[in-house]
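Following: one structure in C-alpha cells, then a few remarks.
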Amino acid sequence: MDVIAADRGGSFDRNGHTARNWMRASPPGIAFRCHPVESSPIGSDAQARRDRSGRSGRARLLALVVLLGVAGLACFGSGVYIFAKAGLAQVLLHSAWVRSQDSGTPAKPWPWADMVPVARLIAPAQDADLLVLSGASGRTLAFGPGHLSGSASPGDPGNSVITAHRDTHFRFLQHLANGDTLIVEGRNGSRRHFQVRRTYVADFQALNIPRDTLYPTLTLVTCFPFDAINPGGPLRYVVVAEAT
Amino acid sequence: MSHADRFEENNVLRREWRQLGRLALESLGTGLFVSLVLALAVFIISFEARAAASGDPGQGTLLLREETGGRAEAPLLATDVHMTISGMVARVQVKQRFVNPTAQWREGVYVFPLPDKAAVDHLTMHIGERVIEGRIRERAEARRTYESAKAEGRKTTLVEQERPNMFTTSVANIGPGEEIVVALEYEETLRYDDGAFRLRFPLAITPRYIPGAPIEGASGGTGGSPPTVQVPDADRVTPPYVTSREGLLNPVSIAIELNAGFPLAGLASTYHAVDVEERPGHRYRVNLADGLVRATRDFELVWTPDVGSAPGAALFTETRGGKTYALLMALPPTAQDGVTPRAPREITYIIDTSGSMEGVSITQAREALSMALDRLQPGDRFNVIEFNSHSTPLFAAPMPFDPATLARAKQFVGGLRARGGTEMLPALSIALAGAPESSLVRQVVFLTDGAVGNEDEILRLLHDKLGDRRLFTVGIGPSPNTFFLTKAAQFGRGTFTFIGDVREVSRKMTALFRKLESPALTNIAIDWPGGADAWPRLVPDLYAGEPVVVTAQFPAGTVQGNVLISGTRAGAAWQALLPINGGAAEAGVAVLWARAKIDALMDAGRQGAPEPDIRNAVLDIALTHHLVSKYTSLVAVDVTPTRPAGVDAIKSAMPGNVPEGLTGFDQLPRTATPAALAIVLGLMLLLAAAMMTFLSRRRQPDTLPGI
C-alpha cells in the first residue's frame, strides 16, 4: 500500500495547478524538506560566522550541515525514487503481462496493485517497450503510461489517447518521427501496427484531440519541452499514429 | 632571510591565500543559496501565475481557436429564454445575442439544442432599434439568400434544422463592437406523465459519435467531423466544445410565466435553483435563482396538479385560415393493480459504455441496470449487452434467471467502464436477433445518452427488426439526445424515461418498472367527428399514467360531436367516448397540428416511404405554417449593406459547453514529474552541505590563535 499511498496526494488534473499539488505527488514528508527556506541556511550560516567563539557555534554549524545533508539526500532520493518506481513498475508489469497472457486472466503486477495493464506499446526503433495502464491519473502515471478512460481501447477503431511523463516513460517520444512504427499488443496477444503520421506541440488549452477518428488512431501525449526542469509547463507534445 | 622569516612569510602568504579562498568559497556558497532560493521563488511564482492564467478569464475575454489554428477573440453569445405556458402548450422565445468584441467583421455559426417537439415558426433579427422579420423558405433557397446577402455585406440570419432537436443559427456581417439579437420562437406541447407536467429545455448537446467511413472532400460545415457514409451531414452536427475553465460561456437566463389553470400541489425545477412567485388565478412566475446559468445541463420544470383537479381530458382549439384546429389530451384510466398477474418475460438490457458516457453518466447507468436486475423474478429470461466500439453480450442468448446468472450479471455490470465509440447498430442487432414472434413478453431496455449522429439509420433497424418486442429507452446523463430516445421508444412501442441525476435513479427506475410490468393500452384508434385530418394517425401505445395527445384539423366552424377513443388492454377491449363542444381557445394549436403532421411524415420516411414524396408533403405543410423543418429554413436579411467592400467577415464556429459531469479528452493529466527538479535541488543542498563542512574544517585553525 505504501507505494501507492505515497503518490496519492498529487492531483495531476489541470485544474489543480498549485505548487503544492506536485509537491505532494512525491513521497510525503520528503518533498517539504526540499524547500531550502525551511532550513533557512543563509541566515543560520551568517549567524554561525558571527558567532566564532565557543563550541555552541560549531555545534550549530554542524547541525546545519547535517540538516542540509539530510535534506539534500532526501530531495535527491525522492527524485531518484520517481525514476526507480517508474522503471521497477514496468518490470513487474511486464512479468504480470506474460502471466496474464499465459493464464488468460488478468494478473496483478504486485499484490496491492489496483490497476491493470490494458495494452503493451512497443516502439521498435526507439527501443521502447511499455505496458499501458487503465486510466490516466497521476497515480497510474507513476508506474506507466495511462490510457485515458473514455477514449477508444488501444488498437480499436476510434482515437485511443495515452499519456505518460516526458521524463520517464514517454521520453522516447522526442525521437519518434513521421513514418516510425508503433506496435500495440492486446491482452490476447494480438498485435496491431501503427505508423506515426504527425507530431506537434500545442498549449494544453488549445489541444483539440478528436474523440472519434475514422481509422484506429493512437494519440500519445506528454509534456514539452522534454528537458525542462520545471514540471509545470503549459506545452504538450502530441504524436498521432494511425493503424496500417 | 632566515628560515623563520621565510616560514613566517610563507605562513602569512598561506593565510592570505586561505582567507581569499574562503572568501571565494563563501561567496560562491552564498551565491548558490541565493540563486537556489531565487530559482525556487521564480518557480513558485510562475506556477501561481499559470494557475491564475488557466482559471476563469471571465466573460468578455473568450478565446477560441480558429481555422488558422491560432487563438483569436471571437463573437460572444448570451441566450435569454422566455416561456409562456398555458394549459398544455408552451410558447417559447429564445433570444440569442451575438456580440462582436473584436475589431474585425464577423460571422458566427452556432449549433444549439431545442426540445425535440419544438415547432420553430418565427424569427426576428434585431439590429439596434430595427427589427427584421425572418421568412420561411425552402432550405437550399434560404441558404442562397443568406449567402448572397452575406456577400453583399448585408446583415443576415439563417436558422436551419439539423435534427428535430438540433438547430444552427448563422449570423453574418456583425461589425466590430456590434451586437445582433436573433429571436426565435417555437411552440411545444407539454409532456404529461404520471400525474405531472414536465417541460424540458435542453441547454447542451452531448457530443455525437459519428460512425461510418469518411466521404472525401465533402466537408462544408463548421463541425469537427468530416461527412461519412452513415452520417452525410456529420460536418454540421459536430460543433466545437469548450470546457468549464473558459468562464461563463454562453450564459443563459430563463424566465417562465406559467398559467396552470388549476391549483398546484407542487412546482419545482429538477436541476436548477429557481425563484417562484405565485400570482392570483393559479399563475406563477419562475426565474432562475442565480439569474444566469452555464448552459451545461438540461433545464426541467415539473408541476403537479392538486389532488382532484388532475385533468382527465382536455380540448384546445384555434381557428386560423378558415380551418379549425384541435388539440386533444385524454388520460385513460389506469388498470387496477392485481387484475393481471405479472407474466414471465424475456428482458434484454443494452447498456451504452461509449466514451460520451464517461463521468457521471456511466455511474447512473450502472446503478439503474443494477436495480433492474434486482427486479427480475424466477421464470424470467434475461441478457445484458454492453456496447461501445464493440458489442459484448453477457450471455450468447437470454438465460433463465437464477442466483447464479444474477451473480454473473451483477459482476459484469459492476465491471463496466466507458470508452470508445458508439456503434449502436451491432448491439441492437444482437438484441433483436431471433424469431420476430415469441410466446414470452419480450422487452428491451436500452440505457444510453443517445449521442449518435446516425439516428435515422438506427430507427430504421428498429422498425425492421423489432417484431413483437418492445423497446424502452432510458436517457442517461446531463443532456441526452431526447429526439432519438423518444423516437426510438415510439418506434419500439415502449416508453422513454429520463434520468438526469444519480439521485433520481431509484425513483425513475421504479416508475419504469411499473410501466414495464403493467399492460399497455395498445391498438389505439381515435374517431373524430366529420372530416377531421388527425395527426398522428398511428397513436403510440400507452403505459400507466400516459395520456393520448392528438391534433386534428377540421374544415371550418366549431367542433361538435364525440371523439371515440378505443384500444386493447391485456387482451380486453377498452373504449371511451369524449363529448367535445367548442373547447378552450388556445393560440398555437394550428402550428402544433402542422408540427405533428410533419413528424408523422418524417416517420413514414424513416420507415421506408420514398423521400421525394415525403419532401414534397413536408415542404407544403411547412411553408404554409411557416415552420422550420428538415427541408425548410428561416432567413432574415437587412435591407442596406453595412460591411464595407474589400473587408471580409471572419467565420467562427461558436463553441458549446461540454455537458456538466462528462469527462473527456480535455481532462489530460500533467505529464512531467518533479524528479529532475528534486534531484537538482538535492544535489545543490548536498553541495552546500559539503562546502560548509569544508569551510568549518578550515575555520578551526583560524580561530585557535584567538583563544
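By order in the C-alpha cells, chains are A, B, ...; within a chain, residues start at 1; ligands start at 1, following the order shown.
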- request: Apply DSSP to the backbone of this structure and, from stretch 48-239 of chain A, keep only the residues in strand (DSSP E); write these as an NGL selection string.
  value: :A and (117-123 or 128-134 or 146-147 or 159-163 or 181-185 or 191-203 or 217-224 or 235-239)
- prompt: Which chain B residues are at most 6 Å from chain A (counting only C-alpha atoms), as a list in words?
  reply: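 In the required form, that comes to Ala51, Gly355, Glu358, Ala418, Arg419, Gly420, Pro669, Arg670, Thr671, Ala672, Thr673, Pro674, Ala675, Ala676, Leu677, Ala678, Ile679, Gly682, Leu685, Leu686 and Ala689 of chain B.
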C-alpha atoms of the current selection, written as a short mmCIF file (atom, residue, chain, number, x, y, z; two decimals), in the first residue's frame:
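Everything below was put into out.cif:
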data_model
loop_
_atom_site.label_atom_id
_atom_site.label_comp_id
_atom_site.auth_asym_id
_atom_site.auth_seq_id
_atom_site.Cartn_x
_atom_site.Cartn_y
_atom_site.Cartn_z
CA ALA B 51 -2.71 28.79 -12.25
CA GLY B 355 -16.74 7.45 -24.35
CA GLU B 358 -17.63 8.64 -19.17
CA ALA B 418 -16.91 3.76 -20.54
CA ARG B 419 -14.60 4.18 -23.52
CA GLY B 420 -14.54 4.17 -27.27
CA PRO B 669 -3.22 14.77 -16.59
CA ARG B 670 0.09 16.51 -16.05
CA THR B 671 2.83 14.66 -17.78
CA ALA B 672 6.07 15.67 -16.14
CA THR B 673 7.42 14.55 -12.80
CA PRO B 674 9.28 16.76 -10.33
CA ALA B 675 12.04 14.13 -10.34
CA ALA B 676 14.62 16.19 -12.21
CA LEU B 677 13.86 19.23 -10.08
CA ALA B 678 14.16 17.21 -6.88
CA ILE B 679 17.47 15.73 -7.97
CA GLY B 682 19.03 17.68 -3.71
CA LEU B 685 21.78 21.07 -0.99
CA LEU B 686 24.38 18.32 -0.72
CA ALA B 689 26.49 20.89 3.00
#
DSSP-assigned helix (DSSP H, G or I) members of stretch 609-667 of chain B, reported as a PyMOL selection string: chain B and resi 611-624
- request: Considering only C-alpha atoms, return as a PyMOL selection string whatever protein or nucleic-acid residues lie within 10 Å of stretch 121-135 of chain B, sequence-local ones (same chain, fewer than 3 positions apart) excluded.
  value: chain B and resi 93-97+118+142+155-159+171+174+178-187+591+595+622-623+625-629+633-639
Put those residues in a file: N, CA and C atoms, as a compact mmCIF listing (two decimals), in the first residue's frame.
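Okay, part.txt is ready:
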# COMPACT_ATOMS: atom_id res chain seq x y z
N GLN B 93 -39.75 31.96 -26.43
CA GLN B 93 -38.89 32.82 -27.23
C GLN B 93 -37.45 32.63 -26.76
N VAL B 94 -36.58 32.33 -27.72
CA VAL B 94 -35.16 32.16 -27.42
C VAL B 94 -34.41 33.30 -28.09
N LYS B 95 -33.82 34.16 -27.26
CA LYS B 95 -33.07 35.31 -27.80
C LYS B 95 -31.58 35.00 -27.72
N GLN B 96 -30.95 34.95 -28.87
CA GLN B 96 -29.51 34.73 -28.90
C GLN B 96 -28.84 36.05 -29.23
N ARG B 97 -28.04 36.54 -28.29
CA ARG B 97 -27.34 37.82 -28.50
C ARG B 97 -25.93 37.54 -28.97
N ALA B 118 -40.23 20.83 -30.70
CA ALA B 118 -40.37 22.27 -30.92
C ALA B 118 -40.79 22.57 -32.36
N ALA B 142 -33.15 29.28 -49.00
CA ALA B 142 -32.83 30.11 -47.84
C ALA B 142 -31.32 30.27 -47.72
N LYS B 155 -26.41 42.54 -43.24
CA LYS B 155 -26.57 41.68 -42.07
C LYS B 155 -27.67 40.68 -42.36
N THR B 156 -27.42 39.43 -42.00
CA THR B 156 -28.40 38.40 -42.32
C THR B 156 -28.32 37.26 -41.33
N THR B 157 -29.45 36.60 -41.13
CA THR B 157 -29.54 35.48 -40.18
C THR B 157 -30.25 34.31 -40.83
N LEU B 158 -29.73 33.12 -40.58
CA LEU B 158 -30.32 31.91 -41.14
C LEU B 158 -30.50 30.89 -40.02
N VAL B 159 -31.69 30.31 -39.92
CA VAL B 159 -31.93 29.26 -38.92
C VAL B 159 -32.29 27.97 -39.64
N VAL B 171 -25.17 33.95 -38.35
CA VAL B 171 -25.35 35.41 -38.40
C VAL B 171 -24.14 36.00 -39.10
N ILE B 174 -21.43 40.82 -38.63
CA ILE B 174 -21.52 41.51 -37.35
C ILE B 174 -20.31 42.44 -37.31
N GLU B 178 -20.27 45.47 -32.55
CA GLU B 178 -21.73 45.45 -32.72
C GLU B 178 -22.38 44.27 -32.01
N GLU B 179 -23.69 44.40 -31.85
CA GLU B 179 -24.47 43.32 -31.26
C GLU B 179 -25.68 43.06 -32.17
N ILE B 180 -25.92 41.80 -32.48
CA ILE B 180 -27.11 41.44 -33.24
C ILE B 180 -27.89 40.44 -32.40
N VAL B 181 -29.18 40.68 -32.24
CA VAL B 181 -30.00 39.77 -31.45
C VAL B 181 -30.88 38.97 -32.40
N VAL B 182 -30.80 37.66 -32.27
CA VAL B 182 -31.62 36.76 -33.08
C VAL B 182 -32.70 36.20 -32.15
N ALA B 183 -33.96 36.47 -32.44
CA ALA B 183 -35.04 35.97 -31.59
C ALA B 183 -35.82 34.89 -32.34
N LEU B 184 -35.79 33.70 -31.78
CA LEU B 184 -36.51 32.57 -32.36
C LEU B 184 -37.72 32.30 -31.50
N GLU B 185 -38.79 31.83 -32.11
CA GLU B 185 -39.93 31.43 -31.28
C GLU B 185 -40.39 30.05 -31.68
N TYR B 186 -40.79 29.29 -30.69
CA TYR B 186 -41.37 27.99 -31.00
C TYR B 186 -42.52 27.67 -30.07
N GLU B 187 -43.28 26.69 -30.54
CA GLU B 187 -44.48 26.23 -29.84
C GLU B 187 -44.22 24.78 -29.48
N VAL B 591 -50.23 25.42 -35.33
CA VAL B 591 -48.81 25.11 -35.53
C VAL B 591 -48.48 23.72 -34.98
N ARG B 595 -46.90 20.65 -36.97
CA ARG B 595 -45.67 20.00 -36.49
C ARG B 595 -45.90 18.50 -36.32
N ALA B 622 -44.94 22.82 -44.24
CA ALA B 622 -44.00 23.69 -43.52
C ALA B 622 -44.06 25.12 -44.06
N LEU B 623 -44.17 25.27 -45.38
CA LEU B 623 -44.23 26.61 -45.97
C LEU B 623 -45.55 27.30 -45.61
N HIS B 625 -47.36 26.78 -42.91
CA HIS B 625 -47.43 27.12 -41.48
C HIS B 625 -46.18 27.81 -40.97
N HIS B 626 -45.29 28.22 -41.89
CA HIS B 626 -44.11 29.00 -41.51
C HIS B 626 -43.22 28.24 -40.55
N LEU B 627 -43.02 26.94 -40.81
CA LEU B 627 -42.29 26.10 -39.86
C LEU B 627 -40.92 25.71 -40.39
N VAL B 628 -39.93 25.72 -39.49
CA VAL B 628 -38.61 25.19 -39.82
C VAL B 628 -38.70 23.66 -39.80
N SER B 629 -38.13 23.03 -40.81
CA SER B 629 -38.12 21.57 -40.87
C SER B 629 -36.82 21.14 -41.51
N SER B 633 -36.05 26.45 -44.01
CA SER B 633 -35.29 27.26 -43.05
C SER B 633 -35.88 28.66 -42.99
N LEU B 634 -35.60 29.35 -41.88
CA LEU B 634 -36.00 30.75 -41.74
C LEU B 634 -34.79 31.62 -42.07
N VAL B 635 -35.03 32.68 -42.84
CA VAL B 635 -33.92 33.57 -43.18
C VAL B 635 -34.38 35.02 -43.07
N ALA B 636 -33.52 35.86 -42.48
CA ALA B 636 -33.81 37.28 -42.35
C ALA B 636 -32.65 38.07 -42.96
N VAL B 637 -32.98 39.09 -43.74
CA VAL B 637 -31.93 39.87 -44.43
C VAL B 637 -32.17 41.36 -44.20
N ASP B 638 -31.13 42.07 -43.80
CA ASP B 638 -31.20 43.52 -43.64
C ASP B 638 -31.27 44.16 -45.03
N VAL B 639 -31.85 45.35 -45.08
CA VAL B 639 -32.06 45.99 -46.38
C VAL B 639 -30.75 46.56 -46.93
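With atom CA of A:Ala107 on one side and atom CA of A:Val132 on the other, the separation reads 14.1 Å.
The space between atom CA of B:Phe496 and atom CA of B:Ser439 spans 24.6 Å.
Reported to one decimal place, the separation of atom CA of B:Glu546 from atom CA of B:Gln560 is 25.7 Å.
Taking only C-alpha atoms into account, A:Phe194 lies nearest to A:Ala123 out of the set A:Ala123, A:Leu130, A:Gly135, A:Thr105.
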- prompt: Excluding same-chain residues fewer than 6 positions from B:Leu577, what lies within 9 Å of it counting only C-alpha atoms, as a PyMOL selection string?
  reply: chain B and resi 562-566
Selection file, C-alpha atoms, as a PDB file, in the first residue's frame:
ATOM      1  CA  ASN B 562     -67.997  12.983 -29.841  1.00  0.00           C
ATOM      2  CA  VAL B 563     -64.464  11.654 -30.002  1.00  0.00           C
ATOM      3  CA  LEU B 564     -64.307   7.890 -29.584  1.00  0.00           C
ATOM      4  CA  ILE B 565     -61.032   6.528 -28.198  1.00  0.00           C
ATOM      5  CA  SER B 566     -60.677   2.752 -28.334  1.00  0.00           C
TER       6      SER B 566
END
Long-range neighbours of stretch 115-120 of chain A as a ChimeraX atom specification, 7 Å cut-off, only C-alpha atoms, 6 positions minimum in chain: /A:108,130-134,154,184-187
Can you list, as a PDB file with C-alpha atoms, in the first residue's frame, every protein, DNA or RNA residue that comes within 9 Å of B:Ala520 when you count only C-alpha atoms, leaving out same-chain residues fewer than 6 positions away?
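This went into result18.pdb:
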ATOM      1  CA  GLY B 494     -42.243   1.411 -25.418  1.00  0.00           C
ATOM      2  CA  ASP B 541     -49.112   2.504 -27.224  1.00  0.00           C
ATOM      3  CA  LEU B 542     -49.779   3.927 -23.811  1.00  0.00           C
ATOM      4  CA  TYR B 543     -48.400   2.861 -20.467  1.00  0.00           C
ATOM      5  CA  ALA B 544     -49.750   3.539 -16.995  1.00  0.00           C
ATOM      6  CA  THR B 568     -56.940  -3.056 -26.202  1.00  0.00           C
ATOM      7  CA  ARG B 569     -55.515  -3.658 -22.759  1.00  0.00           C
ATOM      8  CA  ALA B 570     -54.394  -7.123 -21.602  1.00  0.00           C
TER       9      ALA B 570
END
